[in-house]
Amino acid sequence: MARVLPERYLTPVDLADLLGIPLETVYQWRRKDTGPRGFRVGRHLRFDPEDVRVWVTSLMDKEAA
């Protein structure tokens with residue numbers, strides 16, 4: 001069953017809550033360029049829910065291979 005993602009852009013807190021991970025992990029992914037693609041709106045970091053879905057799917061595909 002596919003999980004429904006919000007239709008708005010996600011904040012780092014939203015992403016951490018969605019994935020059940022510490023907020024610092026989101027920022028570490030950003031620094032290491034290993035997490036979902038994010039973008040800045042002024043000084044605020046946001047994530048497109050579809051980019052998050054694609055990133056999670058790619059992780060699942062790697063695990064299945």
# chains A, B, ... in the order shown; residues from 1 in each chain; ligands from 1
>>> select_by_dssp(residues="chain A", states="helix (DSSP H, G or I)", output="PyMOL selection string")
chain A and resi 12-19+23-32+49-64
>>> residues_around(residues="A:Arg46", least_positions_apart="5", cutoff="10 Å", atoms="only C-alpha atoms", output="MDAnalysis selection string")
chainID A and resid 8:15 37:41
>>> write_last_selection(atoms="N, CA and C atoms", output="short mmCIF file (atom, residue, chain, number, x, y, z; two decimals), in the first residue's frame")
data_model
loop_
_atom_site.label_atom_id
_atom_site.label_comp_id
_atom_site.auth_asym_id
_atom_site.auth_seq_id
_atom_site.Cartn_x
_atom_site.Cartn_y
_atom_site.Cartn_z
N ARG A 8 2.22 19.64 -0.27
CA ARG A 8 3.03 20.85 -0.13
C ARG A 8 4.50 20.45 0.02
N TYR A 9 5.37 21.42 -0.15
CA TYR A 9 6.79 21.15 0.03
C TYR A 9 7.06 20.84 1.49
N LEU A 10 8.01 19.94 1.73
CA LEU A 10 8.32 19.48 3.07
C LEU A 10 9.47 20.28 3.68
N THR A 11 9.35 20.57 4.96
CA THR A 11 10.45 21.17 5.70
C THR A 11 11.38 20.04 6.16
N PRO A 12 12.58 20.36 6.63
CA PRO A 12 13.43 19.31 7.20
C PRO A 12 12.75 18.57 8.36
N VAL A 13 12.00 19.29 9.17
CA VAL A 13 11.28 18.65 10.29
C VAL A 13 10.22 17.69 9.74
N ASP A 14 9.49 18.11 8.71
CA ASP A 14 8.50 17.23 8.08
C ASP A 14 9.15 15.95 7.57
N LEU A 15 10.29 16.11 6.89
CA LEU A 15 10.98 14.96 6.32
C LEU A 15 11.46 14.00 7.41
N ARG A 37 16.83 15.27 -2.92
CA ARG A 37 17.16 16.60 -3.42
C ARG A 37 16.32 17.64 -2.70
N GLY A 38 16.97 18.67 -2.20
CA GLY A 38 16.30 19.77 -1.53
C GLY A 38 16.61 21.07 -2.24
N PHE A 39 15.93 22.11 -1.86
CA PHE A 39 16.18 23.43 -2.44
C PHE A 39 15.90 24.50 -1.41
N ARG A 40 16.48 25.65 -1.64
CA ARG A 40 16.32 26.78 -0.73
C ARG A 40 15.26 27.74 -1.24
N VAL A 41 14.45 28.22 -0.32
CA VAL A 41 13.52 29.32 -0.57
C VAL A 41 13.98 30.39 0.42
#
>>> closest_residue(among="A:Ala16, A:Trp55, A:Pro6, A:Lys62", to="A:Gly35", atoms="only C-alpha atoms")
A:Trp55
>>> atom_distance(atom1="atom CA of A:Leu19", atom2="atom CA of A:Val54")
13.9 Å
>>> select_by_dssp(residues="chain A", states="strand (DSSP E)", output="number ranges by chain")
A: 38-41, 44-47
>>> write_last_selection(atoms="all heavy atoms", output="PDB file, in the first residue's frame")
ATOM      1  N   GLY A  38      16.975  18.669  -2.203  1.00  0.00           N
ATOM      2  CA  GLY A  38      16.296  19.773  -1.535  1.00  0.00           C
ATOM      3  C   GLY A  38      16.614  21.070  -2.244  1.00  0.00           C
ATOM      4  O   GLY A  38      17.461  21.119  -3.131  1.00  0.00           O
ATOM      5  N   PHE A  39      15.928  22.114  -1.859  1.00  0.00           N
ATOM      6  CA  PHE A  39      16.180  23.427  -2.445  1.00  0.00           C
ATOM      7  C   PHE A  39      15.904  24.499  -1.405  1.00  0.00           C
ATOM      8  O   PHE A  39      15.219  24.264  -0.420  1.00  0.00           O
ATOM      9  CB  PHE A  39      15.331  23.638  -3.702  1.00  0.00           C
ATOM     10  CG  PHE A  39      13.841  23.603  -3.449  1.00  0.00           C
ATOM     11  CD1 PHE A  39      13.129  24.773  -3.247  1.00  0.00           C
ATOM     12  CD2 PHE A  39      13.164  22.393  -3.399  1.00  0.00           C
ATOM     13  CE1 PHE A  39      11.761  24.734  -3.001  1.00  0.00           C
ATOM     14  CE2 PHE A  39      11.799  22.340  -3.167  1.00  0.00           C
ATOM     15  CZ  PHE A  39      11.099  23.529  -2.964  1.00  0.00           C
ATOM     16  N   ARG A  40      16.477  25.655  -1.642  1.00  0.00           N
ATOM     17  CA  ARG A  40      16.320  26.781  -0.726  1.00  0.00           C
ATOM     18  C   ARG A  40      15.258  27.744  -1.242  1.00  0.00           C
ATOM     19  O   ARG A  40      15.188  28.042  -2.426  1.00  0.00           O
ATOM     20  CB  ARG A  40      17.635  27.534  -0.585  1.00  0.00           C
ATOM     21  CG  ARG A  40      18.686  26.724   0.109  1.00  0.00           C
ATOM     22  CD  ARG A  40      18.900  27.279   1.478  1.00  0.00           C
ATOM     23  NE  ARG A  40      19.794  26.405   2.229  1.00  0.00           N
ATOM     24  CZ  ARG A  40      19.604  26.113   3.491  1.00  0.00           C
ATOM     25  NH1 ARG A  40      18.589  26.619   4.141  1.00  0.00           N
ATOM     26  NH2 ARG A  40      20.428  25.336   4.128  1.00  0.00           N
ATOM     27  N   VAL A  41      14.446  28.215  -0.322  1.00  0.00           N
ATOM     28  CA  VAL A  41      13.524  29.318  -0.569  1.00  0.00           C
ATOM     29  C   VAL A  41      13.976  30.391   0.415  1.00  0.00           C
ATOM     30  O   VAL A  41      13.654  30.324   1.602  1.00  0.00           O
ATOM     31  CB  VAL A  41      12.057  28.915  -0.307  1.00  0.00           C
ATOM     32  CG1 VAL A  41      11.129  30.095  -0.543  1.00  0.00           C
ATOM     33  CG2 VAL A  41      11.661  27.724  -1.157  1.00  0.00           C
ATOM     34  N   HIS A  44      15.275  29.169   3.843  1.00  0.00           N
ATOM     35  CA  HIS A  44      14.522  27.991   4.274  1.00  0.00           C
ATOM     36  C   HIS A  44      14.753  26.820   3.319  1.00  0.00           C
ATOM     37  O   HIS A  44      14.655  26.964   2.104  1.00  0.00           O
ATOM     38  CB  HIS A  44      13.034  28.304   4.352  1.00  0.00           C
ATOM     39  CG  HIS A  44      12.730  29.465   5.235  1.00  0.00           C
ATOM     40  ND1 HIS A  44      12.736  29.364   6.601  1.00  0.00           N
ATOM     41  CD2 HIS A  44      12.450  30.747   4.936  1.00  0.00           C
ATOM     42  CE1 HIS A  44      12.457  30.542   7.125  1.00  0.00           C
ATOM     43  NE2 HIS A  44      12.286  31.408   6.131  1.00  0.00           N
ATOM     44  N   LEU A  45      15.024  25.652   3.885  1.00  0.00           N
ATOM     45  CA  LEU A  45      15.240  24.431   3.115  1.00  0.00           C
ATOM     46  C   LEU A  45      13.913  23.709   2.934  1.00  0.00           C
ATOM     47  O   LEU A  45      13.146  23.549   3.886  1.00  0.00           O
ATOM     48  CB  LEU A  45      16.236  23.526   3.850  1.00  0.00           C
ATOM     49  CG  LEU A  45      16.593  22.191   3.219  1.00  0.00           C
ATOM     50  CD1 LEU A  45      17.207  22.393   1.842  1.00  0.00           C
ATOM     51  CD2 LEU A  45      17.555  21.440   4.125  1.00  0.00           C
ATOM     52  N   ARG A  46      13.641  23.283   1.696  1.00  0.00           N
ATOM     53  CA  ARG A  46      12.413  22.562   1.392  1.00  0.00           C
ATOM     54  C   ARG A  46      12.716  21.365   0.512  1.00  0.00           C
ATOM     55  O   ARG A  46      13.708  21.328  -0.205  1.00  0.00           O
ATOM     56  CB  ARG A  46      11.403  23.467   0.672  1.00  0.00           C
ATOM     57  CG  ARG A  46      10.912  24.633   1.519  1.00  0.00           C
ATOM     58  CD  ARG A  46      10.101  24.142   2.706  1.00  0.00           C
ATOM     59  NE  ARG A  46       9.585  25.222   3.510  1.00  0.00           N
ATOM     60  CZ  ARG A  46      10.142  25.656   4.635  1.00  0.00           C
ATOM     61  NH1 ARG A  46      11.251  25.106   5.069  1.00  0.00           N
ATOM     62  NH2 ARG A  46       9.594  26.621   5.320  1.00  0.00           N
ATOM     63  N   PHE A  47      11.804  20.372   0.556  1.00  0.00           N
ATOM     64  CA  PHE A  47      11.920  19.156  -0.232  1.00  0.00           C
ATOM     65  C   PHE A  47      10.612  18.932  -0.970  1.00  0.00           C
ATOM     66  O   PHE A  47       9.533  19.039  -0.381  1.00  0.00           O
ATOM     67  CB  PHE A  47      12.202  17.945   0.670  1.00  0.00           C
ATOM     68  CG  PHE A  47      13.491  18.053   1.421  1.00  0.00           C
ATOM     69  CD1 PHE A  47      13.538  18.657   2.669  1.00  0.00           C
ATOM     70  CD2 PHE A  47      14.666  17.560   0.877  1.00  0.00           C
ATOM     71  CE1 PHE A  47      14.729  18.766   3.356  1.00  0.00           C
ATOM     72  CE2 PHE A  47      15.864  17.661   1.559  1.00  0.00           C
ATOM     73  CZ  PHE A  47      15.895  18.273   2.798  1.00  0.00           C
TER      74      PHE A  47
END
>>> atom_distance(atom1="atom CA of A:Ala64", atom2="atom CA of A:Tyr27")
26.5 Å
>>> atom_distance(atom1="atom CA of A:Leu59", atom2="atom CA of A:Arg43")
28.4 Å
>>> residues_around(residues="A:Pro36", least_positions_apart="2", cutoff="9 Å", atoms="only C-alpha atoms", output="count of residues only")
14
